[in-house]
Structure formats: C-alpha cells, structure tokens
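Text of entry34.cif (mmCIF, C-alpha atoms and all ligand atoms) as supplied:
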```cif
data_work
#
loop_
_atom_site.group_PDB
_atom_site.id
_atom_site.type_symbol
_atom_site.label_atom_id
_atom_site.label_comp_id
_atom_site.auth_asym_id
_atom_site.auth_seq_id
_atom_site.Cartn_x
_atom_site.Cartn_y
_atom_site.Cartn_z
ATOM 1 C CA MET A 78 111.220 107.967 115.761
ATOM 2 C CA PRO A 79 110.507 111.235 113.955
ATOM 3 C CA ARG A 80 113.604 113.138 112.885
ATOM 4 C CA LEU A 81 111.996 116.502 112.470
ATOM 5 C CA PRO A 82 112.280 119.098 115.220
ATOM 6 C CA LEU A 83 109.286 119.287 117.533
ATOM 7 C CA ASP A 84 107.957 122.238 119.454
ATOM 8 C CA ALA A 85 107.076 122.118 123.167
ATOM 9 C CA THR A 86 103.749 120.420 122.500
ATOM 10 C CA GLY A 87 105.294 117.636 120.419
ATOM 11 C CA TRP A 88 104.148 119.053 117.087
ATOM 12 C CA PRO A 89 106.300 119.548 114.013
ATOM 13 C CA SER A 90 107.616 123.054 114.511
ATOM 14 C CA ARG A 91 108.499 123.676 110.883
ATOM 15 C CA GLU A 92 105.588 125.304 109.098
ATOM 16 C CA ALA A 93 103.334 123.596 111.645
ATOM 17 C CA HIS A 94 100.563 126.074 110.938
ATOM 18 C CA GLU A 95 100.286 124.735 107.380
ATOM 19 C CA ALA A 96 98.834 121.231 107.422
ATOM 20 C CA ILE A 97 98.354 121.154 103.634
ATOM 21 C CA ARG A 98 99.545 123.486 100.891
ATOM 22 C CA ALA A 99 99.028 122.292 97.339
ATOM 23 C CA THR A 100 99.587 124.305 94.161
ATOM 24 C CA GLY A 101 98.507 123.397 90.651
ATOM 25 C CA LEU A 102 98.082 119.718 91.512
ATOM 26 C CA ARG A 103 97.506 117.569 88.397
ATOM 27 C CA LYS A 104 96.899 113.905 87.618
ATOM 28 C CA VAL A 105 96.236 112.399 84.230
ATOM 29 C CA PHE A 106 95.052 108.824 83.592
ATOM 30 C CA GLY A 107 95.571 108.186 79.867
ATOM 31 C CA SER A 108 93.545 110.894 78.181
ATOM 32 C CA GLN A 109 91.506 111.524 81.340
ATOM 33 C CA ARG A 110 92.430 114.663 83.283
ATOM 34 C CA ALA A 111 91.370 113.411 86.728
ATOM 35 C CA VAL A 112 92.797 116.416 88.620
ATOM 36 C CA ASP A 113 93.552 119.543 86.629
ATOM 37 C CA GLY A 114 95.336 122.271 88.564
ATOM 38 C CA VAL A 115 94.043 122.179 92.127
ATOM 39 C CA ASP A 116 95.199 124.701 94.740
ATOM 40 C CA LEU A 117 94.511 123.840 98.367
ATOM 41 C CA PHE A 118 95.453 125.417 101.658
ATOM 42 C CA VAL A 119 94.404 123.828 104.949
ATOM 43 C CA PRO A 120 95.609 125.381 108.220
ATOM 44 C CA THR A 121 96.270 123.041 111.158
ATOM 45 C CA GLY A 122 93.501 122.367 113.660
ATOM 46 C CA THR A 123 90.718 122.631 111.087
ATOM 47 C CA VAL A 124 88.337 120.337 109.220
ATOM 48 C CA TYR A 125 88.410 120.742 105.440
ATOM 49 C CA GLY A 126 85.755 119.191 103.227
ATOM 50 C CA LEU A 127 86.414 118.326 99.588
ATOM 51 C CA LEU A 128 83.107 118.228 97.713
ATOM 52 C CA GLY A 129 82.315 117.126 94.184
ATOM 53 C CA PRO A 130 80.236 114.662 92.150
ATOM 54 C CA ASN A 131 81.328 111.060 91.489
ATOM 55 C CA GLY A 132 84.484 111.045 89.416
ATOM 56 C CA ALA A 133 85.377 114.660 90.246
ATOM 57 C CA GLY A 134 88.826 113.631 91.469
ATOM 58 C CA LYS A 135 88.430 113.726 95.274
ATOM 59 C CA THR A 136 89.975 110.295 95.924
ATOM 60 C CA THR A 137 92.777 111.055 93.450
ATOM 61 C CA ILE A 138 93.606 114.292 95.323
ATOM 62 C CA VAL A 139 93.616 112.460 98.672
ATOM 63 C CA ARG A 140 95.883 109.727 97.245
ATOM 64 C CA MET A 141 98.361 112.323 95.976
ATOM 65 C CA LEU A 142 98.359 114.253 99.269
ATOM 66 C CA SER A 143 98.868 111.043 101.245
ATOM 67 C CA THR A 144 101.867 109.975 99.057
ATOM 68 C CA LEU A 145 100.104 106.969 97.474
ATOM 69 C CA LEU A 146 100.025 108.477 93.995
ATOM 70 C CA ARG A 147 102.628 110.652 92.300
ATOM 71 C CA PRO A 148 101.260 113.916 90.901
ATOM 72 C CA ASP A 149 101.888 114.617 87.197
ATOM 73 C CA GLY A 150 102.128 118.320 87.852
ATOM 74 C CA GLY A 151 102.120 120.925 90.598
ATOM 75 C CA SER A 152 103.320 120.337 94.127
ATOM 76 C CA ALA A 153 101.982 119.609 97.579
ATOM 77 C CA ARG A 154 103.433 120.001 101.044
ATOM 78 C CA ILE A 155 102.206 118.463 104.320
ATOM 79 C CA PHE A 156 103.494 120.345 107.366
ATOM 80 C CA GLY A 157 106.077 121.814 105.008
ATOM 81 C CA TYR A 158 107.247 118.437 103.650
ATOM 82 C CA ASP A 159 107.025 117.691 99.952
ATOM 83 C CA VAL A 160 104.765 114.703 99.208
ATOM 84 C CA VAL A 161 107.116 113.393 96.498
ATOM 85 C CA ARG A 162 110.633 114.243 97.695
ATOM 86 C CA GLN A 163 109.942 113.832 101.435
ATOM 87 C CA ALA A 164 107.260 111.138 101.351
ATOM 88 C CA GLN A 165 108.690 109.291 104.373
ATOM 89 C CA GLU A 166 108.474 112.425 106.536
ATOM 90 C CA VAL A 167 104.936 113.083 105.348
ATOM 91 C CA ARG A 168 103.875 109.529 106.242
ATOM 92 C CA ARG A 169 104.970 109.964 109.851
ATOM 93 C CA TRP A 170 102.283 112.555 110.466
ATOM 94 C CA ILE A 171 99.254 111.405 108.552
ATOM 95 C CA SER A 172 96.651 108.686 108.492
ATOM 96 C CA LEU A 173 94.320 107.728 105.709
ATOM 97 C CA THR A 174 90.902 106.149 106.032
ATOM 98 C CA GLY A 175 90.145 105.132 102.487
ATOM 99 C CA GLN A 176 86.831 104.939 100.683
ATOM 100 C CA TYR A 177 86.894 101.168 101.274
ATOM 101 C CA ALA A 178 87.774 99.590 104.626
ATOM 102 C CA ALA A 179 91.298 98.224 105.098
ATOM 103 C CA LEU A 180 90.503 95.378 107.475
ATOM 104 C CA ASP A 181 91.168 91.656 107.541
ATOM 105 C CA GLU A 182 87.717 90.097 107.231
ATOM 106 C CA SER A 183 88.654 86.797 108.865
ATOM 107 C CA LEU A 184 90.157 88.332 112.022
ATOM 108 C CA THR A 185 88.181 89.760 114.921
ATOM 109 C CA ALA A 186 87.800 93.487 115.529
ATOM 110 C CA GLU A 187 90.273 93.264 118.399
ATOM 111 C CA GLU A 188 92.831 91.257 116.382
ATOM 112 C CA ASN A 189 92.716 93.812 113.570
ATOM 113 C CA LEU A 190 93.500 96.656 115.961
ATOM 114 C CA ILE A 191 96.260 94.678 117.684
ATOM 115 C CA ILE A 192 97.956 94.160 114.299
ATOM 116 C CA PHE A 193 97.829 97.893 113.529
ATOM 117 C CA ALA A 194 99.175 98.714 117.002
ATOM 118 C CA LYS A 195 102.044 96.242 116.567
ATOM 119 C CA LEU A 196 102.862 97.696 113.159
ATOM 120 C CA LEU A 197 103.235 101.013 114.967
ATOM 121 C CA GLY A 198 105.843 99.388 117.210
ATOM 122 C CA LEU A 199 103.873 98.551 120.375
ATOM 123 C CA ARG A 200 104.642 95.344 122.295
ATOM 124 C CA HIS A 201 101.884 92.763 122.557
ATOM 125 C CA SER A 202 100.543 93.804 125.984
ATOM 126 C CA GLN A 203 100.588 97.500 125.077
ATOM 127 C CA ALA A 204 98.993 96.724 121.709
ATOM 128 C CA LYS A 205 96.215 94.792 123.429
ATOM 129 C CA ARG A 206 95.541 97.634 125.866
ATOM 130 C CA LYS A 207 95.497 100.172 123.054
ATOM 131 C CA ALA A 208 93.140 97.984 121.011
ATOM 132 C CA MET A 209 90.729 97.676 123.934
ATOM 133 C CA SER A 210 90.675 101.415 124.578
ATOM 134 C CA MET A 211 90.023 102.184 120.891
ATOM 135 C CA LEU A 212 87.213 99.596 120.801
ATOM 136 C CA GLU A 213 85.646 101.269 123.802
ATOM 137 C CA GLU A 214 86.050 104.748 122.346
ATOM 138 C CA PHE A 215 84.310 103.681 119.126
ATOM 139 C CA GLY A 216 81.513 101.768 120.873
ATOM 140 C CA LEU A 217 82.763 98.395 119.633
ATOM 141 C CA THR A 218 83.590 96.634 122.898
ATOM 142 C CA GLU A 219 80.786 94.124 122.434
ATOM 143 C CA ALA A 220 81.990 93.375 118.912
ATOM 144 C CA ALA A 221 85.624 92.857 119.979
ATOM 145 C CA LYS A 222 85.624 89.076 119.540
ATOM 146 C CA ARG A 223 83.554 88.944 116.360
ATOM 147 C CA PRO A 224 85.189 88.436 112.954
ATOM 148 C CA VAL A 225 84.982 91.559 110.812
ATOM 149 C CA ARG A 226 82.912 89.765 108.164
ATOM 150 C CA ARG A 227 80.114 89.482 110.768
ATOM 151 C CA LEU A 228 80.078 93.203 111.584
ATOM 152 C CA SER A 229 77.580 95.654 110.126
ATOM 153 C CA GLY A 230 78.710 98.292 107.609
ATOM 154 C CA GLY A 231 78.667 101.023 110.253
ATOM 155 C CA MET A 232 80.666 98.935 112.701
ATOM 156 C CA ARG A 233 83.302 98.226 110.034
ATOM 157 C CA ARG A 234 83.513 101.912 109.231
ATOM 158 C CA ARG A 235 84.087 102.752 112.896
ATOM 159 C CA LEU A 236 86.673 99.975 113.228
ATOM 160 C CA ASP A 237 88.459 101.222 110.112
ATOM 161 C CA LEU A 238 88.521 104.730 111.591
ATOM 162 C CA ALA A 239 89.776 103.375 114.930
ATOM 163 C CA ALA A 240 92.613 101.566 113.122
ATOM 164 C CA SER A 241 93.692 104.691 111.286
ATOM 165 C CA LEU A 242 93.652 106.763 114.474
ATOM 166 C CA LEU A 243 95.702 104.348 116.598
ATOM 167 C CA GLY A 244 98.930 106.183 115.925
ATOM 168 C CA GLN A 245 97.512 109.600 116.933
ATOM 169 C CA PRO A 246 98.145 111.170 113.527
ATOM 170 C CA ARG A 247 98.473 114.949 113.192
ATOM 171 C CA LEU A 248 96.565 114.995 109.934
ATOM 172 C CA ILE A 249 93.807 112.576 109.011
ATOM 173 C CA PHE A 250 92.518 112.037 105.497
ATOM 174 C CA LEU A 251 89.008 110.619 105.453
ATOM 175 C CA ASP A 252 87.588 109.550 102.108
ATOM 176 C CA GLU A 253 83.792 109.488 102.502
ATOM 177 C CA PRO A 254 83.991 108.563 106.191
ATOM 178 C CA THR A 255 80.247 108.499 106.837
ATOM 179 C CA THR A 256 78.855 107.081 103.584
ATOM 180 C CA GLY A 257 76.425 104.277 104.381
ATOM 181 C CA LEU A 258 76.240 105.028 108.084
ATOM 182 C CA ASP A 259 72.955 105.499 109.924
ATOM 183 C CA PRO A 260 72.311 108.978 111.419
ATOM 184 C CA ARG A 261 73.374 107.941 114.923
ATOM 185 C CA THR A 262 76.640 106.334 113.817
ATOM 186 C CA ARG A 263 77.284 109.270 111.479
ATOM 187 C CA ALA A 264 76.940 111.648 114.429
ATOM 188 C CA GLN A 265 79.288 109.462 116.488
ATOM 189 C CA VAL A 266 81.957 109.543 113.778
ATOM 190 C CA TRP A 267 81.665 113.334 113.502
ATOM 191 C CA ASN A 268 81.869 113.689 117.283
ATOM 192 C CA THR A 269 85.078 111.679 117.235
ATOM 193 C CA ILE A 270 86.483 113.818 114.414
ATOM 194 C CA ARG A 271 85.539 117.048 116.250
ATOM 195 C CA ARG A 272 87.164 115.790 119.440
ATOM 196 C CA LEU A 273 90.381 114.966 117.585
ATOM 197 C CA VAL A 274 90.372 118.401 115.965
ATOM 198 C CA SER A 275 89.795 120.108 119.316
ATOM 199 C CA GLU A 276 92.965 118.304 120.437
ATOM 200 C CA GLY A 277 94.842 119.772 117.467
ATOM 201 C CA THR A 278 94.479 117.193 114.668
ATOM 202 C CA THR A 279 93.625 118.427 111.180
ATOM 203 C CA SER A 280 91.059 116.615 109.066
ATOM 204 C CA CYS A 281 90.608 116.586 105.276
HETATM 205 N N1 LIG B 301 93.731 104.288 88.732
HETATM 206 C C1 LIG B 301 92.985 104.909 87.813
HETATM 207 N N2 LIG B 301 93.125 104.646 86.490
HETATM 208 C C2 LIG B 301 92.392 105.286 85.554
HETATM 209 N N3 LIG B 301 91.494 106.231 85.836
HETATM 210 C C3 LIG B 301 91.297 106.537 87.126
HETATM 211 C C4 LIG B 301 92.023 105.897 88.184
HETATM 212 N N4 LIG B 301 91.623 106.418 89.371
HETATM 213 C C5 LIG B 301 90.694 107.325 89.054
HETATM 214 N N5 LIG B 301 90.484 107.407 87.724
HETATM 215 C C6 LIG B 301 89.562 108.332 87.033
HETATM 216 O O1 LIG B 301 89.829 109.638 87.516
HETATM 217 C C7 LIG B 301 88.606 110.361 87.735
HETATM 218 C C8 LIG B 301 88.538 110.805 89.196
HETATM 219 O O2 LIG B 301 88.341 109.657 90.025
HETATM 220 P P1 LIG B 301 88.252 109.745 91.598
HETATM 221 O O3 LIG B 301 88.194 108.365 92.114
HETATM 222 O O4 LIG B 301 89.369 110.606 92.103
HETATM 223 O O5 LIG B 301 86.871 110.510 91.810
HETATM 224 P P2 LIG B 301 86.049 110.801 93.137
HETATM 225 O O6 LIG B 301 85.755 112.276 93.143
HETATM 226 O O7 LIG B 301 86.741 110.246 94.311
HETATM 227 O O8 LIG B 301 84.691 110.015 92.850
HETATM 228 P P3 LIG B 301 83.667 109.234 93.849
HETATM 229 O O9 LIG B 301 82.758 110.295 94.405
HETATM 230 O O10 LIG B 301 82.932 108.308 92.946
HETATM 231 O O11 LIG B 301 84.483 108.512 94.907
HETATM 232 C C9 LIG B 301 87.495 109.426 87.306
HETATM 233 O O12 LIG B 301 87.145 109.745 85.979
HETATM 234 C C10 LIG B 301 88.110 108.040 87.377
HETATM 235 O O13 LIG B 301 87.532 107.188 86.434
HETATM 236 MG MG MG B 302 86.227 108.810 95.730
#
```

Show me this structure written as structure tokens.
Ligand SMILES: Nc1ncnc2c1ncn2[C@@H]1O[C@H](COP(=O)(O)OP(=O)(O)OP(=O)(O)O)[C@@H](O)[C@H]1O
Ligand SMILES: [Mg+2]
Amino acid sequence: MPRLPLDATGWPSREAHEAIRATGLRKVFGSQRAVDGVDLFVPTGTVYGLLGPNGAGKTTIVRMLSTLLRPDGGSARIFGYDVVRQAQEVRRWISLTGQYAALDESLTAEENLIIFAKLLGLRHSQAKRKAMSMLEEFGLTEAAKRPVRRLSGGMRRRLDLAASLLGQPRLIFLDEPTTGLDPRTRAQVWNTIRRLVSEGTTSC
C-alpha cells in the first residue's frame, strides 16, 4: 500500500496540486539531442497536450516522466516525488498507455484485463468483476471472449487504455492515444479521458 500521507479524499497531500514539474529535462542518444532542456508544469485535474512533429522527443519526455528512462540532465517531480530518486513512489500514482499496445495477442480481451487486475493485487473473483466492468465501460463486452489478435485497431486501443486505467491512477500518460482511431472511437476515448479528469485524474 502507498506509504505517502493522503488527504481526506485519498489523494497524495504533499504537493498534490503539482502533478508534474520538470525543469531543464535533457536526454541524449549518442550525438542526438532528443530532449534539450524542457520545462513543464502540469497542475492536477487538467489535461496537458504535448505537441510536436515526428522525432520531436514527445515519447522520450513521457518515458522520462514515467520513470522508464533516466534523464541525462534536469529534474522532474510527479506529485512532488523525484522521478529518479523516488521512482517507486512515482510509479504508485501513474499509468502509461504507450504508443504501441501492451497486450498479449493470444489471450482474450477479458483474460488480458484479468492479468492486469491480478498484478494490481486483486483476487481472481474481484479481478474478473473488475475486468467485466472495464470491458463494459469501454464498449468491449461483445469482444470479451475474442483473442486480441482478432480485434480491430480501435478495439485494441480501447482495451489498452482500459488496462492502464484499471488501477485508478492519479496521473495518466497517454502517448498518441487516438492515433488510428475512427472519429466515433476517438470521441469515446476523449469522453473517457474527460470523465476521469472530472473525477480528479490528470492527463498528459
Ligand atoms: N532508444 C533510442 N535510441 C536512440 N535514439 C532514440 C531512441 N529513442 C528515441 N530516439 C531518437 O530521439 C528522437 C526523439 O524520439 P521520440 O520517439 O521521443 O520522438 P516523438 O516526438 O515521440 O516522435 P513520434 O511523433 O514519431 O512518436 C528521435 O530522433 C529518435 O530517433
Ligand atoms: Mg512518439
């Protein structure tokens, strides 16, 4: 369970108003300066969009903020916790939906969600219930028993999002969450994101 002190609403009380604060963030790959001194401030309860052409460094920034990649310079804090020195604390509060789906192709939609729920510590019956409710929320009930490899691109995207939201994260990183989706599915994903934000989640 989380060690950090919580306020009355169950949120991290320490610097809870600052979801992200990054200063002078840098990442170098060989001679390539992928991220060269980025400052970022994202208050809680907001949606922040990171825009830029292919290769601009968006994914690299998200990977540094979500503790997957160590910055070469600068610093970043998530809810006041340093992404390098307090990576474990940071990971308790975030989820990441990457640019490419993190699903097991051979398992069904339902089985994928049950695995994520169990990894979060739920018992089998609870995990199954949680999986079913997420499938319903994301309009995937009819696809529950189909292997992921037989789902359409939009359905996979929604399933990937459902998996990353199972643990009710306080901060969600979404790397190109609607790329390749049709207008209706795109609107559905944004509705879900807006609902989460209205409940206090922060999105980047
Ligand atoms: N692991 C890596 N090793 C070497 N170079 C990398 C690595 N990851 C990213 N890069 C380089 O860093 C730069 C930024 O890449 P990044 O993936 O962050 O861009 P992006 O803004 O997410 O692009 P896209 O819109 O195509 O997703 C690119 O020039 C890329 O080639
Ligand atoms: Mg990218």

Enclosing box along x, y and z for every listed atom of ligand LIG 301 (chain B), padded 5 Å each side, centre and size in Å, one decimal, as JSON:
```
{"center_x": 88.2, "center_y": 108.3, "center_z": 90.2, "size_x": 21.0, "size_y": 18.0, "size_z": 19.4}
```

Expansion of the PyMOL selection byres (((not hetatm)) within 12 of (chain B and resi 301)) into residues, as a PDB file with C-alpha atoms, in the coordinates of the input:
```
ATOM      1  CA  ARG A 103      97.506 117.569  88.397  1.00  0.00           C
ATOM      2  CA  LYS A 104      96.899 113.905  87.618  1.00  0.00           C
ATOM      3  CA  VAL A 105      96.236 112.399  84.230  1.00  0.00           C
ATOM      4  CA  PHE A 106      95.052 108.824  83.592  1.00  0.00           C
ATOM      5  CA  GLY A 107      95.571 108.186  79.867  1.00  0.00           C
ATOM      6  CA  SER A 108      93.545 110.894  78.181  1.00  0.00           C
ATOM      7  CA  GLN A 109      91.506 111.524  81.340  1.00  0.00           C
ATOM      8  CA  ARG A 110      92.430 114.663  83.283  1.00  0.00           C
ATOM      9  CA  ALA A 111      91.370 113.411  86.728  1.00  0.00           C
ATOM     10  CA  VAL A 112      92.797 116.416  88.620  1.00  0.00           C
ATOM     11  CA  ASP A 113      93.552 119.543  86.629  1.00  0.00           C
ATOM     12  CA  LEU A 127      86.414 118.326  99.588  1.00  0.00           C
ATOM     13  CA  LEU A 128      83.107 118.228  97.713  1.00  0.00           C
ATOM     14  CA  GLY A 129      82.315 117.126  94.184  1.00  0.00           C
ATOM     15  CA  PRO A 130      80.236 114.662  92.150  1.00  0.00           C
ATOM     16  CA  ASN A 131      81.328 111.060  91.489  1.00  0.00           C
ATOM     17  CA  GLY A 132      84.484 111.045  89.416  1.00  0.00           C
ATOM     18  CA  ALA A 133      85.377 114.660  90.246  1.00  0.00           C
ATOM     19  CA  GLY A 134      88.826 113.631  91.469  1.00  0.00           C
ATOM     20  CA  LYS A 135      88.430 113.726  95.274  1.00  0.00           C
ATOM     21  CA  THR A 136      89.975 110.295  95.924  1.00  0.00           C
ATOM     22  CA  THR A 137      92.777 111.055  93.450  1.00  0.00           C
ATOM     23  CA  ILE A 138      93.606 114.292  95.323  1.00  0.00           C
ATOM     24  CA  VAL A 139      93.616 112.460  98.672  1.00  0.00           C
ATOM     25  CA  ARG A 140      95.883 109.727  97.245  1.00  0.00           C
ATOM     26  CA  MET A 141      98.361 112.323  95.976  1.00  0.00           C
ATOM     27  CA  LEU A 145     100.104 106.969  97.474  1.00  0.00           C
ATOM     28  CA  LEU A 146     100.025 108.477  93.995  1.00  0.00           C
ATOM     29  CA  ARG A 147     102.628 110.652  92.300  1.00  0.00           C
ATOM     30  CA  GLY A 175      90.145 105.132 102.487  1.00  0.00           C
ATOM     31  CA  GLN A 176      86.831 104.939 100.683  1.00  0.00           C
ATOM     32  CA  TYR A 177      86.894 101.168 101.274  1.00  0.00           C
ATOM     33  CA  LEU A 251      89.008 110.619 105.453  1.00  0.00           C
ATOM     34  CA  ASP A 252      87.588 109.550 102.108  1.00  0.00           C
ATOM     35  CA  GLU A 253      83.792 109.488 102.502  1.00  0.00           C
ATOM     36  CA  PRO A 254      83.991 108.563 106.191  1.00  0.00           C
ATOM     37  CA  THR A 256      78.855 107.081 103.584  1.00  0.00           C
TER      38      THR A 256
END
```

Item to check | Residues selected by the PyMOL selection byres (((chain A and resi 193) around 10) and not hetatm), written as a PyMOL selection string | outcome: chain A and resi 180+188-192+194-199+204+208+239-244

Item to check | Gap from atom CA of Leu173 of chain A to atom CA of Leu248 of chain A - Å, one decimal | outcome: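 Computing it gives 8.7 Å between the two atoms.
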
Checklist entry - For this file, the PyMOL selection byres (((chain A and resi 249) around 12) and not hetatm) selects which residues, as an MDAnalysis selection string? => result chainID A and resid 96:97 119 121:126 139 142:143 155 167:175 238:248 250:252 254 270:271 273:274 277:281

Item to check | Option closest in space to Glu213 of chain A, from A:Glu182, A:Leu102, A:Arg162, A:Arg235 [counting all atoms listed in the file] | outcome: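 Answer, going by the shortest atom-to-atom distance: A:Arg235.
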
Checklist entry - What is the atom CA of Asp237 of chain A-atom CA of Ala186 of chain A distance in Å, reported with one decimal? => result 9.5 Å

Next on the checklist: I need the residue nearest Arg263 of chain A from this list: A:Ser202, A:Pro224, A:Asp149, A:Gly231. Use all atoms listed in the file for the distance.
Outcome noted: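 Among A:Ser202, A:Pro224, A:Asp149, A:Gly231, it is A:Gly231 that comes nearest to Arg263 of chain A.
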
Checklist entry - Which value, in Å to one decimal, gives the distance between atom CA of Ala178 of chain A and atom CA of Leu258 of chain A? => result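 Rounded to one decimal, the two atoms are 13.2 Å apart.
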
Item to check | 12 Å contact set for Ser183 of chain A, only C-alpha atoms, chain neighbours under 4 positions out, as a VMD selection string | outcome: chain A and resid 187 to 189 222 to 228

Item to check | Shortest interatomic distance to Ala99 of chain A - which of A:Pro260, A:Gly216, A:Gly151, A:Pro120, counting only C-alpha atoms | outcome: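 For Ala99 of chain A, the nearest of the candidates is A:Gly151.
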
Item to check | Best match for closeness to Met232 of chain A among A:Val266, A:Leu217, A:Met209, A:Leu117, counting all atoms listed in the file | outcome: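 Among A:Val266, A:Leu217, A:Met209, A:Leu117, it is A:Leu217 that comes nearest to Met232 of chain A.
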
Checklist entry - A:Ser229, A:Val115, A:Ala164, A:Arg154: which is nearest Arg98 of chain A, counting only C-alpha atoms? => result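 Selected residue with least distance to Arg98 of chain A: A:Arg154.
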
Next on the checklist: Calculated over all atoms listed in the file, which of the candidates A:Asp116, A:Glu214, A:Asp159, A:Glu219 has the smallest distance to Thr269 of chain A?
Outcome noted: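 When distances to Thr269 of chain A are compared using all atoms listed in the file, the smallest one comes from A:Glu214.
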